[in-house]
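Enquirer: my_file-v7.txt is reproduced below (compact mmCIF, C-alpha atoms).
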# COMPACT_ATOMS: atom_id res chain seq x y z
CA MET A 1 0.00 0.00 0.00
CA GLN A 2 2.78 2.44 0.87
CA ALA A 3 4.62 1.69 -2.40
CA ARG A 4 1.51 2.75 -4.34
CA ARG A 5 1.37 6.03 -2.43
CA ILE A 6 5.04 6.71 -3.17
CA LEU A 7 4.51 5.97 -6.87
CA LEU A 8 1.40 8.17 -6.91
CA LEU A 9 3.27 11.07 -5.26
CA PHE A 10 6.15 10.60 -7.71
CA ALA A 11 3.75 10.65 -10.68
CA ILE A 12 2.02 13.79 -9.35
CA GLY A 13 5.42 15.47 -8.90
CA LEU A 14 6.40 14.62 -12.48
CA ALA A 15 3.08 15.92 -13.81
CA LEU A 16 3.44 19.21 -11.91
CA THR A 17 7.02 19.58 -13.15
CA ALA A 18 5.96 18.96 -16.75
CA ALA A 19 3.08 21.44 -16.43
CA ALA A 20 5.35 24.12 -14.98
CA ALA A 21 7.98 23.54 -17.67
CA SER A 22 5.39 23.90 -20.42
CA LEU A 23 4.27 27.27 -19.06
CA VAL A 24 7.76 28.83 -18.90
CA PRO A 25 8.84 30.47 -22.19
CA VAL A 26 12.00 29.04 -23.72
CA PRO A 27 14.71 31.64 -24.49
CA ASP A 28 15.29 31.76 -28.25
CA SER A 29 19.09 31.62 -28.50
CA THR A 30 18.94 30.82 -32.22
CA GLN A 31 16.82 33.83 -33.12
CA GLU A 32 16.53 34.45 -36.86
CA GLU A 33 17.99 37.92 -37.50
CA GLY A 34 16.93 38.63 -41.04
CA GLU A 35 18.26 41.76 -42.74
CA SER A 36 17.52 44.01 -39.76
CA GLY A 37 20.14 42.29 -37.60
CA GLN A 38 17.96 42.53 -34.47
CA ALA A 39 19.51 39.98 -32.14
CA GLU A 40 20.40 40.00 -28.48
CA PRO A 41 24.07 40.72 -27.80
CA GLU A 42 25.99 37.72 -26.58
CA ALA A 43 28.73 37.74 -24.01
CA GLY A 44 32.31 37.58 -25.24
CA SER A 45 35.67 37.40 -23.57
CA SER A 46 37.93 39.88 -25.37
CA GLU A 47 39.39 42.91 -23.62
CA SER A 48 41.72 45.71 -24.63
CA GLY A 49 42.88 49.13 -23.52
CA ALA A 50 40.04 50.70 -25.53
CA GLY A 51 37.31 48.87 -23.64
CA ALA A 52 35.85 45.49 -22.89
CA ALA A 53 34.01 43.52 -25.52
CA GLY A 54 30.96 41.41 -24.89
CA SER A 55 29.95 42.51 -21.43
CA GLY A 56 26.43 41.48 -22.43
CA SER A 57 24.79 44.58 -21.02
CA THR A 58 22.59 46.83 -23.05
CA ASP A 59 22.64 50.45 -21.98
CA ALA A 60 19.92 52.89 -23.00
CA ASP A 61 22.64 55.51 -23.56
CA ALA A 62 24.79 53.21 -25.72
CA VAL A 63 25.43 54.08 -29.34
CA GLU A 64 24.57 51.08 -31.52
CA LEU A 65 26.53 50.71 -34.76
CA ARG A 66 25.74 47.97 -37.27
CA PHE A 67 27.84 46.56 -40.08
CA SER A 68 27.10 43.71 -42.48
CA ALA A 69 29.66 41.49 -44.16
CA GLY A 70 27.10 40.83 -46.91
CA GLU A 71 28.30 39.22 -50.10
CA PRO A 72 32.02 39.09 -50.93
CA PRO A 73 33.10 41.25 -53.85
CA ASP A 74 33.43 39.46 -57.18
CA GLU A 75 37.13 38.96 -57.85
CA ALA A 76 36.78 37.63 -61.38
CA ALA A 77 34.51 39.31 -63.91
CA SER A 78 32.24 37.02 -65.90
CA PRO A 79 32.92 36.73 -69.63
CA ASP A 80 29.61 38.45 -70.43
CA GLU A 81 30.53 41.63 -68.54
CA PRO A 82 32.55 44.46 -70.08
CA ASP A 83 36.17 44.90 -69.00
CA GLU A 84 35.51 48.34 -67.47
CA PRO A 85 35.78 48.24 -63.69
CA ASP A 86 32.81 49.31 -61.62
CA PRO A 87 33.39 52.00 -59.02
CA PRO A 88 34.39 50.22 -55.80
CA ASP A 89 31.76 50.06 -53.10
CA GLN A 90 33.27 51.66 -50.03
CA PRO A 91 32.36 50.00 -46.72
CA PRO A 92 30.50 52.38 -44.40
CA THR A 93 32.16 54.49 -41.74
CA GLU A 94 30.26 54.87 -38.47
CA THR A 95 31.25 57.63 -36.06
CA ALA A 96 31.21 57.64 -32.26
CA GLY A 97 32.47 60.20 -29.79
CA SER A 98 35.31 59.58 -27.41
CA GLY A 99 34.12 58.45 -24.00
CA GLU A 100 30.90 56.85 -25.27
CA HIS A 101 29.49 53.39 -24.65
CA VAL A 102 29.34 51.78 -28.10
CA ILE A 103 27.83 48.47 -29.19
CA VAL A 104 29.16 47.34 -32.57
CA THR A 105 27.18 44.50 -34.22
CA VAL A 106 28.43 42.74 -37.35
CA THR A 107 26.28 40.23 -39.24
CA ALA A 108 27.47 37.77 -41.87
CA ARG A 109 25.95 35.04 -44.02
CA ASP A 110 28.96 32.75 -43.67
CA PRO A 111 30.83 31.76 -40.48
CA GLY A 112 34.10 33.44 -39.67
CA VAL A 113 35.63 35.96 -37.29
CA VAL A 114 35.30 39.72 -37.01
CA SER A 115 38.01 41.93 -35.55
CA LEU A 116 38.30 45.60 -34.67
CA ASP A 117 41.75 46.35 -36.04
CA GLY A 118 43.81 48.43 -33.65
CA LEU A 119 41.70 47.56 -30.61
CA GLY A 120 42.69 43.90 -30.37
CA LEU A 121 39.08 42.68 -30.23
CA VAL A 122 38.00 39.49 -32.02
CA GLU A 123 34.58 37.79 -32.00
CA PRO A 124 33.16 34.82 -33.94
CA VAL A 125 30.30 35.41 -36.37
CA GLY A 126 27.86 33.10 -38.10
CA PRO A 127 24.62 33.17 -40.09
CA ARG A 128 22.50 33.26 -36.93
CA THR A 129 25.07 34.64 -34.51
CA PRO A 130 26.25 38.22 -34.99
CA ALA A 131 29.59 39.39 -33.66
CA VAL A 132 28.87 41.87 -30.86
CA PHE A 133 31.46 44.23 -29.41
CA ASP A 134 30.36 46.11 -26.29
CA LEU A 135 33.01 48.73 -25.57
CA PHE A 136 33.83 52.10 -24.12
CA THR A 137 35.58 54.39 -26.60
CA ASP A 138 38.52 55.93 -24.79
CA SER A 139 40.87 55.81 -27.81
CA THR A 140 40.39 58.13 -30.77
CA GLY A 141 41.09 57.29 -34.38
CA GLU A 142 39.75 55.08 -37.13
CA PHE A 143 39.48 51.35 -36.54
CA ASP A 144 38.79 48.98 -39.42
CA VAL A 145 36.08 46.36 -38.93
CA LEU A 146 37.55 43.26 -40.58
CA TYR A 147 35.67 40.08 -41.51
CA ALA A 148 37.59 36.86 -42.17
CA PRO A 149 35.32 34.05 -43.43
CA VAL A 150 36.27 30.45 -42.77
CA GLU A 151 36.84 30.05 -46.50
CA GLY A 152 38.16 33.13 -48.25
CA ARG A 153 40.21 36.23 -47.64
CA GLU A 154 39.83 38.79 -44.91
CA ARG A 155 38.17 42.04 -45.98
CA ARG A 156 37.14 45.35 -44.48
CA VAL A 157 33.37 45.64 -43.96
CA GLY A 158 33.40 49.04 -42.29
CA THR A 159 35.25 51.55 -40.17
CA LEU A 160 34.61 52.70 -36.62
CA ALA A 161 35.70 56.33 -36.36
CA VAL A 162 36.10 57.64 -32.81
CA ALA A 163 36.22 61.43 -32.72
CA SER A 164 37.50 63.39 -29.75
CA ASP A 165 35.01 66.23 -30.18
CA GLY A 166 31.95 65.26 -28.15
CA PRO A 167 29.04 63.01 -28.93
CA SER A 168 28.77 60.91 -32.04
CA ALA A 169 26.95 61.74 -35.23
CA ALA A 170 25.04 58.47 -34.79
CA ALA A 171 23.54 59.59 -31.50
CA PRO A 172 20.12 61.24 -31.67
CA SER A 173 20.22 65.00 -31.28
CA ALA A 174 18.07 66.73 -28.72
CA GLY A 175 15.98 69.30 -30.40
Show the structure stored in the file as structure tokens.

Expert:
Amino acid sequence: MQARRILLLFAIGLALTAAAASLVPVPDSTQEEGESGQAEPEAGSSESGAGAAGSGSTDADAVELRFSAGEPPDEAASPDEPDEPDPPDQPPTETAGSGEHVIVTVTARDPGVVSLDGLGLVEPVGPRTPAVFDLFTDSTGEFDVLYAPVEGRERRVGTLAVASDGPSAAAPSAG
């Protein structure tokens, strides 16, 4: 008789656990980004003198800068195209002010690594996982955002320009 009670209590406990687990929302760590690149920043482990990357915090006062590795440039022209070179597409330059909290997000269609040249920061990137750099800009200058796919050559996908004269151009103006 007591064994049946123990089994019944065990079954009730399992049923309550299953019911509670079904009510709790599951965090979507493999969130589809799409073209907008709206994904939660993930924690990283890189640090440098210019700031720490991947602290995982989102600050309302942070300047968010987004770059996309997109498609690699065609290195060989097809036989149907004329021999005249197209004007080169220049990767974008995003500006931040010195002393600002900046979150740099880089998306890519193919896996690889993204680095902020001159800051010593490196983060992995994949089709569903953007590279996120969460840093404090205490160094001024221009820092290339470099993308190195697993297969292919490294290329510049943008530039982070840190100006010493006040707030960034990317920050919303009051007024």

Enquirer: Kindly indicate which residue among A:Val145, A:Val125, A:Leu8, A:Ala108 lies nearest to Pro92 in chain A, using all atoms listed in the file for the distances.

Expert: A:Val145

Enquirer: What lies within 6 Å of range 115-119 of chain A using all atoms listed in the file, ignoring chain neighbours under 4 positions off, as a ChimeraX atom specification?

Expert: /A:143-146

Enquirer: I'd like to know which of A:Ala163, A:Ile6, A:Ala18, A:Ala148 is closest to Arg109 in chain A, using all atoms listed in the file.

Expert: A:Ala148

Enquirer: Quick one: pull the distance between CA of Val102 in chain A and CA of Ala161 in chain A, Å, one decimal.

Expert: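 Taking CA of Val102 in chain A and CA of Ala161 in chain A, their separation equals 11.4 Å.
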
Enquirer: Go ahead and compute the interatomic distance for CA of Pro91 in chain A and CA of Gly141 in chain A, in Å to one decimal.

Expert: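 CA of Gly141 in chain A lies at a distance of 16.8 Å from CA of Pro91 in chain A.
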
Enquirer: What is the distance between CA of Glu94 in chain A and CA of Leu160 in chain A, in Å to one decimal?

Expert: 5.2 Å

Enquirer: Considering all atoms listed in the file, return as a VMD selection string whatever protein or nucleic-acid residues lie within 9 Å of range 62-69 of chain A, sequence-local ones (same chain, fewer than 4 positions apart) excluded.

Expert: chain A and resid 37 58 91 to 92 94 to 96 100 to 110 145 to 147 155 to 160 168 170 to 171

Enquirer: Which residues come within 10 Å of Gly112 in chain A, counting all atoms listed in the file, excluding same-chain residues fewer than 6 positions away, as a PDB file with C-alpha atoms, in the coordinates of the input?

Expert:
ATOM      1  CA  GLU A 123      34.580  37.790 -32.000  1.00  0.00           C
ATOM      2  CA  PRO A 124      33.160  34.820 -33.940  1.00  0.00           C
ATOM      3  CA  VAL A 125      30.300  35.410 -36.370  1.00  0.00           C
ATOM      4  CA  GLY A 126      27.860  33.100 -38.100  1.00  0.00           C
ATOM      5  CA  PRO A 127      24.620  33.170 -40.090  1.00  0.00           C
ATOM      6  CA  ALA A 131      29.590  39.390 -33.660  1.00  0.00           C
ATOM      7  CA  TYR A 147      35.670  40.080 -41.510  1.00  0.00           C
ATOM      8  CA  ALA A 148      37.590  36.860 -42.170  1.00  0.00           C
ATOM      9  CA  PRO A 149      35.320  34.050 -43.430  1.00  0.00           C
ATOM     10  CA  VAL A 150      36.270  30.450 -42.770  1.00  0.00           C
ATOM     11  CA  GLU A 151      36.840  30.050 -46.500  1.00  0.00           C
ATOM     12  CA  GLY A 152      38.160  33.130 -48.250  1.00  0.00           C
ATOM     13  CA  GLU A 154      39.830  38.790 -44.910  1.00  0.00           C
TER      14      GLU A 154
END
